[in-house]
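Here is the structure we will look at, set down as structure tokens.
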Number of protein chains: 2
Amino acid sequence: METIEQVLESKNIRVTAMRMLIYKFLAEKDVAVTLSDIENAFAKSDRTTLYRTMKTFEDKAIVHQIDDGTGITKYALCEQGCNCDIKTDLHLHFHCNNCKETICLTDHKIPQIKVPNGFVSENVNLVVKGICDKCSS
Amino acid sequence: METIEQVLESKNIRVTAMRMLIYKFLAEKDVAVTLSDIENAFAKSDRTTLYRTMKTFEDKAIVHQIDDGTGITKYALCEQGCNCDIKTDLHLHFHCNNCKETICLTDHKIPQIKVPNGFVSENVNLVVKGICDKCSS
DNA sequence: AATAAAGTGCAATGGAAGTGCATTTTTAAC
DNA sequence: GTTAAAAATGCACTTCCATTGCACTTTATT
């Protein structure tokens, strides 16, 4: 089991108190979070710091952004072995219309999408909306 | 060939000069447009009017919103026979990373997406990003 | 023509993303 | 250890888009 310090160091990210806290917060969540979610969890910290921290985490492939159609950017930790950095790890996201949470369905890969002749596919964003397992039971 | 008036009337939308102009503008475009695009095309009109017009059009299934990940809502006319109103017409959208335009690939249906047990899929948003036919040639 | 209903325009608000700069903290060099 | 450089943080601000309230105008109805 890696410590948070080790995770950050292995990705060449400087270890700071704030970053460890943010990482811990993300790790405890099983749903994608917004900047405001993080902001509310750390009343002490500034939005800008969180914003830039997430940007750093994203650059280093520790988190990935999720656009679930709510208009608000969400973030989630990349899974072990996730290849978000090379843009080919295309798992899909599920947004619950009931509880409004968004989660990664990491082990559900996006099927190959056919595009017309002349079009080149580089990236795919797929969000399924509906009712999540917690809300449907 | 239906006139614009007939289209609007058939959808129970009151015909006004502004609405006809907006419809015409949309019909001439083969790409999805933002509110600002429409705003710029009609310097005379107010953003609010356009916003509410699009909302009306959307309610009546004349246009559908597109969230292509740019963070800005885009709109496109529904095709003849498009079932956007019943939320089952799931064609995909293509966003060009070069010219930044977004278009509907109306005849490319979204494949059936499997979700884990307990999850209920109601709706799917799929955006493919890459290079469009005009930019790749 | 009178009235009600719907559409339109102006002004303003709110939320989120993003930036510049000063300050603090961390790292590295001496 | 002290110091200089680099990176991180916090504050203030700006911008952009979505959205709403209210007054005014236009359209439909009788």
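Letters for chains follow the order of the structure tokens (A, B, ...), residue numbers begin at 1 for each chain, and ligand numbers begin at 1 in the order shown.
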(request) Kindly determine which residues of chain B lie within 10 Å of chain A, considering only C-alpha atoms, and give the answer as a VMD selection string. (result) chain B and resid 66 to 73 92 to 97 105 107 to 137
List every residue of chain B that has an atom at most 10 Å from any atom of chain C, giving for each one its closest atom pair and the distance in Å to one decimal, counting only C-alpha atoms (C1' of nucleotides), sorted by chain and then by ascending residue number, as a Markdown table.
| residue | atom | partner | partner_atom | distance |
| --- | --- | --- | --- | --- |
| B:Arg14 | CA | C:DA6 | C1' | 8.7 |
| B:Thr16 | CA | C:DG7 | C1' | 8.4 |
| B:Met18 | CA | C:DT8 | C1' | 9.5 |
| B:Ser45 | CA | C:DG9 | C1' | 8.1 |
| B:Asp46 | CA | C:DG9 | C1' | 6.2 |
| B:Arg47 | CA | C:DG9 | C1' | 8.9 |
| B:Thr48 | CA | C:DG9 | C1' | 7.7 |
| B:Thr49 | CA | C:DT8 | C1' | 6.1 |
| B:Leu50 | CA | C:DT8 | C1' | 9.6 |
| B:Arg52 | CA | C:DG7 | C1' | 9.5 |
| B:Thr53 | CA | C:DG7 | C1' | 9.3 |
| B:Gly71 | CA | C:DA17 | C1' | 10.0 |
Give me a file of those residues, with C-alpha atoms, as a short mmCIF file (atom, residue, chain, number, x, y, z; two decimals), in the first residue's frame.
data_model
loop_
_atom_site.label_atom_id
_atom_site.label_comp_id
_atom_site.auth_asym_id
_atom_site.auth_seq_id
_atom_site.Cartn_x
_atom_site.Cartn_y
_atom_site.Cartn_z
CA ARG B 14 -46.58 31.09 -32.41
CA THR B 16 -43.20 35.82 -34.91
CA MET B 18 -37.88 36.91 -34.75
CA SER B 45 -32.17 41.41 -30.98
CA ASP B 46 -31.58 40.79 -27.34
CA ARG B 47 -29.79 37.84 -25.90
CA THR B 48 -32.71 37.06 -23.63
CA THR B 49 -35.10 36.74 -26.51
CA LEU B 50 -32.78 34.38 -28.28
CA ARG B 52 -35.98 32.02 -24.56
CA THR B 53 -36.64 31.33 -28.19
CA GLY B 71 -18.59 24.45 -21.78
#
(request) Can you pull out every residue within 12 Å of B:Glu9, counting only C-alpha atoms (C1' of nucleotides), but drop anything in the same chain fewer than 5 positions away, and send it as a list in words? (result) Glu2, Thr3, Ile4, Arg14, Val15, Thr16, Arg19, Met20, Phe57, Lys60 and Ile62 of chain B
Fit chain A to chain B, using all C-alpha atoms paired in sequence order for the least-squares superposition, and then show me the result as a short mmCIF file (atom, residue, chain, number, x, y, z; two decimals) with N, CA and C atoms, in the first residue's frame.
data_model
loop_
_atom_site.label_atom_id
_atom_site.label_comp_id
_atom_site.auth_asym_id
_atom_site.auth_seq_id
_atom_site.Cartn_x
_atom_site.Cartn_y
_atom_site.Cartn_z
N MET A 1 -42.34 21.04 -49.94
CA MET A 1 -41.44 21.85 -49.09
C MET A 1 -42.26 22.75 -48.16
N GLU A 2 -42.10 22.53 -46.90
CA GLU A 2 -42.82 23.34 -45.92
C GLU A 2 -42.19 24.72 -45.78
N THR A 3 -43.00 25.68 -45.58
CA THR A 3 -42.46 26.99 -45.24
C THR A 3 -42.13 27.01 -43.75
N ILE A 4 -41.37 28.02 -43.36
CA ILE A 4 -41.01 28.11 -41.95
C ILE A 4 -42.25 28.31 -41.09
N GLU A 5 -43.17 29.11 -41.60
CA GLU A 5 -44.42 29.31 -40.87
C GLU A 5 -45.11 27.98 -40.60
N GLN A 6 -45.13 27.18 -41.64
CA GLN A 6 -45.81 25.90 -41.48
C GLN A 6 -45.12 25.00 -40.46
N VAL A 7 -43.81 25.05 -40.49
CA VAL A 7 -43.07 24.24 -39.52
C VAL A 7 -43.42 24.67 -38.10
N LEU A 8 -43.36 25.97 -37.88
CA LEU A 8 -43.63 26.48 -36.53
C LEU A 8 -45.07 26.17 -36.11
N GLU A 9 -45.97 26.40 -37.03
CA GLU A 9 -47.38 26.15 -36.69
C GLU A 9 -47.64 24.69 -36.39
N SER A 10 -46.99 23.83 -37.16
CA SER A 10 -47.21 22.41 -36.95
C SER A 10 -46.70 21.95 -35.58
N LYS A 11 -45.82 22.74 -35.00
CA LYS A 11 -45.31 22.39 -33.67
C LYS A 11 -45.97 23.22 -32.58
N ASN A 12 -47.01 23.93 -32.97
CA ASN A 12 -47.73 24.76 -32.01
C ASN A 12 -46.87 25.87 -31.41
N ILE A 13 -46.10 26.48 -32.27
CA ILE A 13 -45.32 27.62 -31.83
C ILE A 13 -45.83 28.85 -32.58
N ARG A 14 -46.07 29.88 -31.85
CA ARG A 14 -46.57 31.09 -32.49
C ARG A 14 -45.52 31.64 -33.44
N VAL A 15 -46.00 32.08 -34.56
CA VAL A 15 -45.09 32.61 -35.57
C VAL A 15 -44.82 34.09 -35.28
N THR A 16 -43.57 34.41 -35.07
CA THR A 16 -43.18 35.81 -34.95
C THR A 16 -42.01 36.05 -35.89
N ALA A 17 -41.78 37.30 -36.18
CA ALA A 17 -40.70 37.65 -37.11
C ALA A 17 -39.37 37.10 -36.61
N MET A 18 -39.14 37.33 -35.32
CA MET A 18 -37.87 36.91 -34.73
C MET A 18 -37.67 35.41 -34.84
N ARG A 19 -38.71 34.68 -34.54
CA ARG A 19 -38.60 33.22 -34.56
C ARG A 19 -38.35 32.69 -35.96
N MET A 20 -38.96 33.34 -36.93
CA MET A 20 -38.72 32.91 -38.31
C MET A 20 -37.27 33.17 -38.70
N LEU A 21 -36.77 34.32 -38.30
CA LEU A 21 -35.38 34.65 -38.62
C LEU A 21 -34.42 33.66 -37.96
N ILE A 22 -34.70 33.37 -36.70
CA ILE A 22 -33.83 32.45 -35.98
C ILE A 22 -33.89 31.06 -36.62
N TYR A 23 -35.08 30.65 -36.95
CA TYR A 23 -35.22 29.33 -37.58
C TYR A 23 -34.44 29.29 -38.90
N LYS A 24 -34.58 30.35 -39.66
CA LYS A 24 -33.90 30.42 -40.94
C LYS A 24 -32.39 30.35 -40.75
N PHE A 25 -31.93 31.09 -39.76
CA PHE A 25 -30.50 31.10 -39.47
C PHE A 25 -30.00 29.70 -39.12
N LEU A 26 -30.76 29.01 -38.31
CA LEU A 26 -30.37 27.66 -37.91
C LEU A 26 -30.39 26.71 -39.11
N ALA A 27 -31.40 26.90 -39.95
CA ALA A 27 -31.56 26.00 -41.08
C ALA A 27 -30.41 26.15 -42.08
N GLU A 28 -29.86 27.33 -42.14
CA GLU A 28 -28.77 27.57 -43.09
C GLU A 28 -27.44 27.05 -42.60
N LYS A 29 -27.37 26.85 -41.29
CA LYS A 29 -26.12 26.36 -40.71
C LYS A 29 -26.09 24.85 -40.75
N ASP A 30 -24.94 24.30 -41.05
CA ASP A 30 -24.85 22.85 -40.95
C ASP A 30 -24.04 22.45 -39.73
N VAL A 31 -23.75 23.43 -38.90
CA VAL A 31 -23.06 23.13 -37.65
C VAL A 31 -23.89 23.64 -36.48
N ALA A 32 -23.59 23.11 -35.32
CA ALA A 32 -24.29 23.57 -34.12
C ALA A 32 -23.82 24.98 -33.77
N VAL A 33 -24.73 25.78 -33.26
CA VAL A 33 -24.39 27.17 -32.96
C VAL A 33 -24.61 27.50 -31.49
N THR A 34 -23.87 28.47 -31.03
CA THR A 34 -24.04 28.94 -29.66
C THR A 34 -25.02 30.10 -29.64
N LEU A 35 -25.46 30.45 -28.46
CA LEU A 35 -26.32 31.62 -28.32
C LEU A 35 -25.61 32.85 -28.87
N SER A 36 -24.34 32.95 -28.60
CA SER A 36 -23.58 34.12 -29.06
C SER A 36 -23.51 34.16 -30.57
N ASP A 37 -23.42 33.02 -31.19
CA ASP A 37 -23.44 32.99 -32.66
C ASP A 37 -24.72 33.64 -33.17
N ILE A 38 -25.81 33.24 -32.57
CA ILE A 38 -27.10 33.79 -33.00
C ILE A 38 -27.15 35.28 -32.68
N GLU A 39 -26.67 35.60 -31.50
CA GLU A 39 -26.68 36.99 -31.07
C GLU A 39 -25.92 37.86 -32.08
N ASN A 40 -24.79 37.38 -32.50
CA ASN A 40 -23.99 38.16 -33.44
C ASN A 40 -24.65 38.29 -34.81
N ALA A 41 -25.47 37.31 -35.12
CA ALA A 41 -26.13 37.35 -36.42
C ALA A 41 -27.31 38.33 -36.43
N PHE A 42 -27.80 38.64 -35.24
CA PHE A 42 -28.95 39.55 -35.14
C PHE A 42 -28.66 40.63 -34.13
N ALA A 43 -27.89 41.57 -34.53
CA ALA A 43 -27.44 42.62 -33.62
C ALA A 43 -28.62 43.34 -32.97
N LYS A 44 -29.71 43.33 -33.67
CA LYS A 44 -30.88 44.03 -33.17
C LYS A 44 -31.49 43.38 -31.94
N SER A 45 -31.42 42.11 -31.91
CA SER A 45 -32.19 41.41 -30.89
C SER A 45 -31.43 41.25 -29.58
N ASP A 46 -32.20 40.92 -28.59
CA ASP A 46 -31.65 40.77 -27.25
C ASP A 46 -31.34 39.31 -26.95
N ARG A 47 -30.31 39.15 -26.17
CA ARG A 47 -29.87 37.81 -25.81
C ARG A 47 -30.98 37.01 -25.12
N THR A 48 -31.72 37.70 -24.28
CA THR A 48 -32.79 37.01 -23.55
C THR A 48 -33.83 36.42 -24.49
N THR A 49 -34.18 37.19 -25.48
CA THR A 49 -35.16 36.71 -26.44
C THR A 49 -34.65 35.45 -27.13
N LEU A 50 -33.40 35.51 -27.54
CA LEU A 50 -32.82 34.35 -28.21
C LEU A 50 -32.79 33.15 -27.26
N TYR A 51 -32.40 33.44 -26.05
CA TYR A 51 -32.34 32.39 -25.04
C TYR A 51 -33.70 31.72 -24.86
N ARG A 52 -34.71 32.56 -24.75
CA ARG A 52 -36.03 31.99 -24.54
C ARG A 52 -36.60 31.36 -25.81
N THR A 53 -36.23 31.91 -26.91
CA THR A 53 -36.67 31.31 -28.17
C THR A 53 -36.10 29.90 -28.31
N MET A 54 -34.83 29.77 -27.99
CA MET A 54 -34.21 28.45 -28.09
C MET A 54 -34.85 27.49 -27.10
N LYS A 55 -35.22 28.02 -25.96
CA LYS A 55 -35.87 27.17 -24.97
C LYS A 55 -37.22 26.69 -25.49
N THR A 56 -37.94 27.60 -26.09
CA THR A 56 -39.22 27.23 -26.69
C THR A 56 -39.02 26.20 -27.79
N PHE A 57 -38.07 26.47 -28.66
CA PHE A 57 -37.79 25.54 -29.76
C PHE A 57 -37.41 24.16 -29.21
N GLU A 58 -36.70 24.18 -28.12
CA GLU A 58 -36.27 22.92 -27.54
C GLU A 58 -37.46 22.16 -26.94
N ASP A 59 -38.28 22.89 -26.23
CA ASP A 59 -39.48 22.27 -25.65
C ASP A 59 -40.35 21.63 -26.72
N LYS A 60 -40.40 22.29 -27.86
CA LYS A 60 -41.25 21.81 -28.93
C LYS A 60 -40.51 20.89 -29.90
N ALA A 61 -39.32 20.54 -29.52
CA ALA A 61 -38.53 19.59 -30.30
C ALA A 61 -38.22 20.07 -31.71
N ILE A 62 -37.90 21.34 -31.80
CA ILE A 62 -37.45 21.88 -33.08
C ILE A 62 -35.93 21.92 -33.11
N VAL A 63 -35.35 22.15 -31.95
CA VAL A 63 -33.89 22.09 -31.84
C VAL A 63 -33.54 21.18 -30.67
N HIS A 64 -32.30 20.75 -30.64
CA HIS A 64 -31.82 20.05 -29.45
C HIS A 64 -30.52 20.70 -28.99
N GLN A 65 -30.34 20.67 -27.71
CA GLN A 65 -29.11 21.18 -27.13
C GLN A 65 -28.00 20.18 -27.32
N ILE A 66 -26.80 20.71 -27.46
CA ILE A 66 -25.64 19.84 -27.57
C ILE A 66 -24.59 20.29 -26.57
N ASP A 67 -24.15 19.36 -25.79
CA ASP A 67 -23.05 19.64 -24.87
C ASP A 67 -21.82 18.96 -25.42
N ASP A 68 -20.99 19.73 -26.09
CA ASP A 68 -19.85 19.12 -26.77
C ASP A 68 -18.56 19.19 -25.95
N GLY A 69 -18.70 19.60 -24.72
CA GLY A 69 -17.53 19.61 -23.86
C GLY A 69 -16.77 20.92 -23.88
N THR A 70 -17.21 21.87 -24.67
CA THR A 70 -16.56 23.17 -24.67
C THR A 70 -17.04 24.03 -23.51
N GLY A 71 -18.10 23.56 -22.87
CA GLY A 71 -18.63 24.32 -21.76
C GLY A 71 -19.70 25.31 -22.19
N ILE A 72 -19.88 25.43 -23.48
CA ILE A 72 -20.87 26.35 -24.00
C ILE A 72 -21.97 25.56 -24.69
N THR A 73 -23.18 25.83 -24.30
CA THR A 73 -24.32 25.12 -24.88
C THR A 73 -24.45 25.46 -26.36
N LYS A 74 -24.63 24.44 -27.15
CA LYS A 74 -24.88 24.67 -28.56
C LYS A 74 -26.23 24.10 -28.95
N TYR A 75 -26.72 24.58 -30.08
CA TYR A 75 -28.03 24.17 -30.54
C TYR A 75 -27.95 23.75 -32.00
N ALA A 76 -28.78 22.81 -32.35
CA ALA A 76 -28.91 22.44 -33.75
C ALA A 76 -30.34 22.03 -34.03
N LEU A 77 -30.79 22.29 -35.23
CA LEU A 77 -32.13 21.89 -35.63
C LEU A 77 -32.25 20.38 -35.58
N CYS A 78 -33.38 19.93 -35.13
CA CYS A 78 -33.65 18.50 -35.20
C CYS A 78 -33.95 18.15 -36.65
N GLU A 79 -33.51 16.99 -37.03
CA GLU A 79 -33.77 16.54 -38.39
C GLU A 79 -35.22 16.10 -38.53
N GLN A 80 -35.63 16.03 -39.76
CA GLN A 80 -36.95 15.47 -40.06
C GLN A 80 -37.03 14.08 -39.43
N GLY A 81 -38.03 13.89 -38.63
CA GLY A 81 -38.22 12.58 -38.04
C GLY A 81 -37.37 12.33 -36.81
N CYS A 82 -36.64 13.33 -36.43
CA CYS A 82 -35.83 13.22 -35.22
C CYS A 82 -36.74 13.08 -34.01
N ASN A 83 -36.37 12.22 -33.12
CA ASN A 83 -37.24 11.97 -31.97
C ASN A 83 -36.68 12.54 -30.68
N CYS A 84 -36.08 13.71 -30.80
CA CYS A 84 -35.47 14.31 -29.63
C CYS A 84 -36.47 14.46 -28.49
N ASP A 85 -37.71 14.66 -28.85
CA ASP A 85 -38.71 14.90 -27.82
C ASP A 85 -38.91 13.69 -26.91
N ILE A 86 -38.74 12.53 -27.45
CA ILE A 86 -38.95 11.38 -26.58
C ILE A 86 -37.63 10.80 -26.08
N LYS A 87 -36.60 11.56 -26.26
CA LYS A 87 -35.32 11.25 -25.63
C LYS A 87 -34.71 9.92 -26.06
N THR A 88 -35.17 9.42 -27.16
CA THR A 88 -34.60 8.14 -27.58
C THR A 88 -33.84 8.27 -28.89
N ASP A 89 -33.85 9.47 -29.43
CA ASP A 89 -33.11 9.66 -30.66
C ASP A 89 -31.68 10.04 -30.30
N LEU A 90 -30.86 9.06 -30.25
CA LEU A 90 -29.53 9.31 -29.71
C LEU A 90 -28.46 9.26 -30.77
N HIS A 91 -28.46 10.27 -31.59
CA HIS A 91 -27.37 10.34 -32.55
C HIS A 91 -26.17 10.96 -31.85
N LEU A 92 -25.03 10.84 -32.45
CA LEU A 92 -23.85 11.36 -31.78
C LEU A 92 -23.40 12.67 -32.41
N HIS A 93 -22.55 13.34 -31.71
CA HIS A 93 -22.04 14.63 -32.17
C HIS A 93 -20.53 14.57 -32.33
N PHE A 94 -20.09 15.32 -33.32
CA PHE A 94 -18.65 15.34 -33.60
C PHE A 94 -18.12 16.75 -33.41
N HIS A 95 -17.08 16.86 -32.61
CA HIS A 95 -16.47 18.17 -32.39
C HIS A 95 -15.08 18.19 -32.99
N CYS A 96 -14.86 19.13 -33.91
CA CYS A 96 -13.56 19.20 -34.57
C CYS A 96 -12.57 19.98 -33.72
N ASN A 97 -11.47 19.35 -33.43
CA ASN A 97 -10.45 20.01 -32.62
C ASN A 97 -9.71 21.08 -33.41
N ASN A 98 -9.90 21.05 -34.71
CA ASN A 98 -9.21 22.04 -35.55
C ASN A 98 -10.09 23.29 -35.74
N CYS A 99 -11.22 23.13 -36.38
CA CYS A 99 -12.07 24.30 -36.66
C CYS A 99 -13.03 24.58 -35.52
N LYS A 100 -13.05 23.70 -34.54
CA LYS A 100 -13.87 23.90 -33.33
C LYS A 100 -15.37 23.83 -33.58
N GLU A 101 -15.75 23.39 -34.76
CA GLU A 101 -17.17 23.29 -35.04
C GLU A 101 -17.70 21.96 -34.52
N THR A 102 -18.98 21.98 -34.24
CA THR A 102 -19.64 20.76 -33.78
C THR A 102 -20.79 20.44 -34.72
N ILE A 103 -20.87 19.20 -35.14
CA ILE A 103 -21.95 18.84 -36.05
C ILE A 103 -22.66 17.58 -35.57
N CYS A 104 -23.88 17.43 -36.00
CA CYS A 104 -24.66 16.24 -35.69
C CYS A 104 -24.33 15.16 -36.71
N LEU A 105 -24.03 14.00 -36.24
CA LEU A 105 -23.91 12.85 -37.16
C LEU A 105 -25.22 12.07 -37.02
N THR A 106 -26.23 12.64 -37.64
CA THR A 106 -27.59 12.18 -37.39
C THR A 106 -27.79 10.71 -37.70
N ASP A 107 -27.14 10.25 -38.73
CA ASP A 107 -27.40 8.87 -39.11
C ASP A 107 -26.46 7.87 -38.42
N HIS A 108 -25.67 8.39 -37.50
CA HIS A 108 -24.83 7.47 -36.72
C HIS A 108 -25.43 7.32 -35.32
N LYS A 109 -26.11 6.24 -35.14
CA LYS A 109 -26.76 6.03 -33.86
C LYS A 109 -25.74 5.58 -32.83
N ILE A 110 -26.05 5.85 -31.61
CA ILE A 110 -25.18 5.46 -30.51
C ILE A 110 -25.42 3.98 -30.20
N PRO A 111 -24.36 3.22 -30.13
CA PRO A 111 -24.54 1.80 -29.83
C PRO A 111 -25.09 1.61 -28.42
N GLN A 112 -25.66 0.48 -28.21
CA GLN A 112 -26.17 0.15 -26.88
C GLN A 112 -25.01 0.12 -25.90
N ILE A 113 -25.14 0.87 -24.82
CA ILE A 113 -24.07 0.92 -23.82
C ILE A 113 -24.46 0.05 -22.63
N LYS A 114 -23.57 -0.82 -22.28
CA LYS A 114 -23.85 -1.66 -21.11
C LYS A 114 -23.44 -0.94 -19.84
N VAL A 115 -24.29 -1.00 -18.85
CA VAL A 115 -23.95 -0.44 -17.55
C VAL A 115 -24.04 -1.55 -16.51
N PRO A 116 -23.36 -1.39 -15.39
CA PRO A 116 -23.33 -2.46 -14.39
C PRO A 116 -24.71 -2.72 -13.80
N ASN A 117 -24.84 -3.85 -13.17
CA ASN A 117 -26.08 -4.21 -12.49
C ASN A 117 -26.47 -3.13 -11.49
N GLY A 118 -27.73 -2.83 -11.45
CA GLY A 118 -28.20 -1.84 -10.50
C GLY A 118 -28.29 -0.45 -11.11
N PHE A 119 -27.59 -0.25 -12.21
CA PHE A 119 -27.65 1.04 -12.88
C PHE A 119 -28.72 1.00 -13.96
N VAL A 120 -29.42 2.12 -14.10
CA VAL A 120 -30.44 2.22 -15.13
C VAL A 120 -30.07 3.36 -16.08
N SER A 121 -29.91 3.03 -17.32
CA SER A 121 -29.55 4.03 -18.31
C SER A 121 -30.80 4.69 -18.87
N GLU A 122 -30.83 6.01 -18.81
CA GLU A 122 -32.00 6.72 -19.34
C GLU A 122 -31.65 7.55 -20.55
N ASN A 123 -30.38 7.88 -20.67
CA ASN A 123 -29.99 8.88 -21.64
C ASN A 123 -28.49 8.76 -21.87
N VAL A 124 -28.06 9.05 -23.06
CA VAL A 124 -26.64 8.93 -23.34
C VAL A 124 -26.16 10.16 -24.12
N ASN A 125 -25.07 10.72 -23.69
CA ASN A 125 -24.46 11.81 -24.44
C ASN A 125 -23.10 11.35 -24.93
N LEU A 126 -22.95 11.37 -26.24
CA LEU A 126 -21.70 10.89 -26.81
C LEU A 126 -21.13 11.92 -27.77
N VAL A 127 -19.95 12.38 -27.47
CA VAL A 127 -19.28 13.34 -28.33
C VAL A 127 -17.94 12.78 -28.77
N VAL A 128 -17.77 12.68 -30.06
CA VAL A 128 -16.50 12.25 -30.60
C VAL A 128 -15.72 13.49 -30.99
N LYS A 129 -14.47 13.55 -30.57
CA LYS A 129 -13.63 14.68 -30.94
C LYS A 129 -12.53 14.23 -31.87
N GLY A 130 -12.17 15.09 -32.77
CA GLY A 130 -11.12 14.74 -33.72
C GLY A 130 -11.05 15.78 -34.82
N ILE A 131 -10.84 15.30 -36.02
CA ILE A 131 -10.74 16.21 -37.17
C ILE A 131 -11.89 15.93 -38.12
N CYS A 132 -12.57 16.97 -38.50
CA CYS A 132 -13.75 16.79 -39.35
C CYS A 132 -13.33 16.63 -40.81
N ASP A 133 -14.30 16.31 -41.63
CA ASP A 133 -14.00 16.01 -43.02
C ASP A 133 -13.41 17.22 -43.75
N LYS A 134 -13.90 18.40 -43.41
CA LYS A 134 -13.39 19.58 -44.09
C LYS A 134 -11.94 19.86 -43.72
N CYS A 135 -11.62 19.62 -42.47
CA CYS A 135 -10.26 19.94 -42.00
C CYS A 135 -9.25 18.85 -42.34
N SER A 136 -9.73 17.66 -42.60
CA SER A 136 -8.78 16.56 -42.83
C SER A 136 -8.39 16.44 -44.30
N SER A 137 -9.12 17.15 -45.14
CA SER A 137 -8.83 16.98 -46.57
C SER A 137 -7.78 17.98 -47.05
#
(request) Apply DSSP to the structure's backbone, then extract all residues of stretch 37-109 of chain B labelled helix (DSSP H, G or I) and return them as number ranges by chain. (result) B: 37-41, 47-59, 84-86
At most 10 Å is the cut-off: for each residue in chain D with any atom that close to an atom of chain B, write down the nearest atom pair and the distance in Å rounded to one decimal, counting only C-alpha atoms (C1' of nucleotides), chain first then increasing number, as CSV.
residue,atom,partner,partner_atom,distance
D:DC16,C1',B:Ile72,CA,9.7
D:DC17,C1',B:Ile72,CA,7.4
D:DA18,C1',B:Tyr51,CA,9.0
D:DT19,C1',B:Thr48,CA,8.9
D:DT20,C1',B:Thr48,CA,9.9
D:DT26,C1',B:Thr16,CA,9.3
D:DT27,C1',B:Thr16,CA,8.6
D:DA28,C1',B:Arg14,CA,9.8
Restrict the selected residues to C-alpha atoms (C1' of nucleotides) and save them as a compact mmCIF listing (two decimals), in the first residue's frame.
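That gives us out.txt:
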# COMPACT_ATOMS: atom_id res chain seq x y z
C1' DC D 16 -18.09 34.82 -19.85
C1' DC D 17 -22.28 32.53 -20.06
C1' DA D 18 -26.76 31.20 -18.12
C1' DT D 19 -30.70 32.82 -16.06
C1' DT D 20 -34.38 35.81 -13.96
C1' DT D 26 -46.95 42.69 -29.97
C1' DT D 27 -50.19 39.18 -31.11
C1' DA D 28 -54.47 36.59 -30.56
(request) Identify, with DSSP run on backbone atoms, the residues in chain A assigned to strand (DSSP E or B), and express the list as JSON, numbers by chain. (result) {"A": [33, 34, 63, 64, 65, 66, 74, 75, 76, 77, 91, 92, 93, 94, 95, 96, 102, 103, 104, 105, 106, 107, 108, 109, 120, 121, 122, 123, 124, 125, 126, 127, 128, 129, 130, 131]}
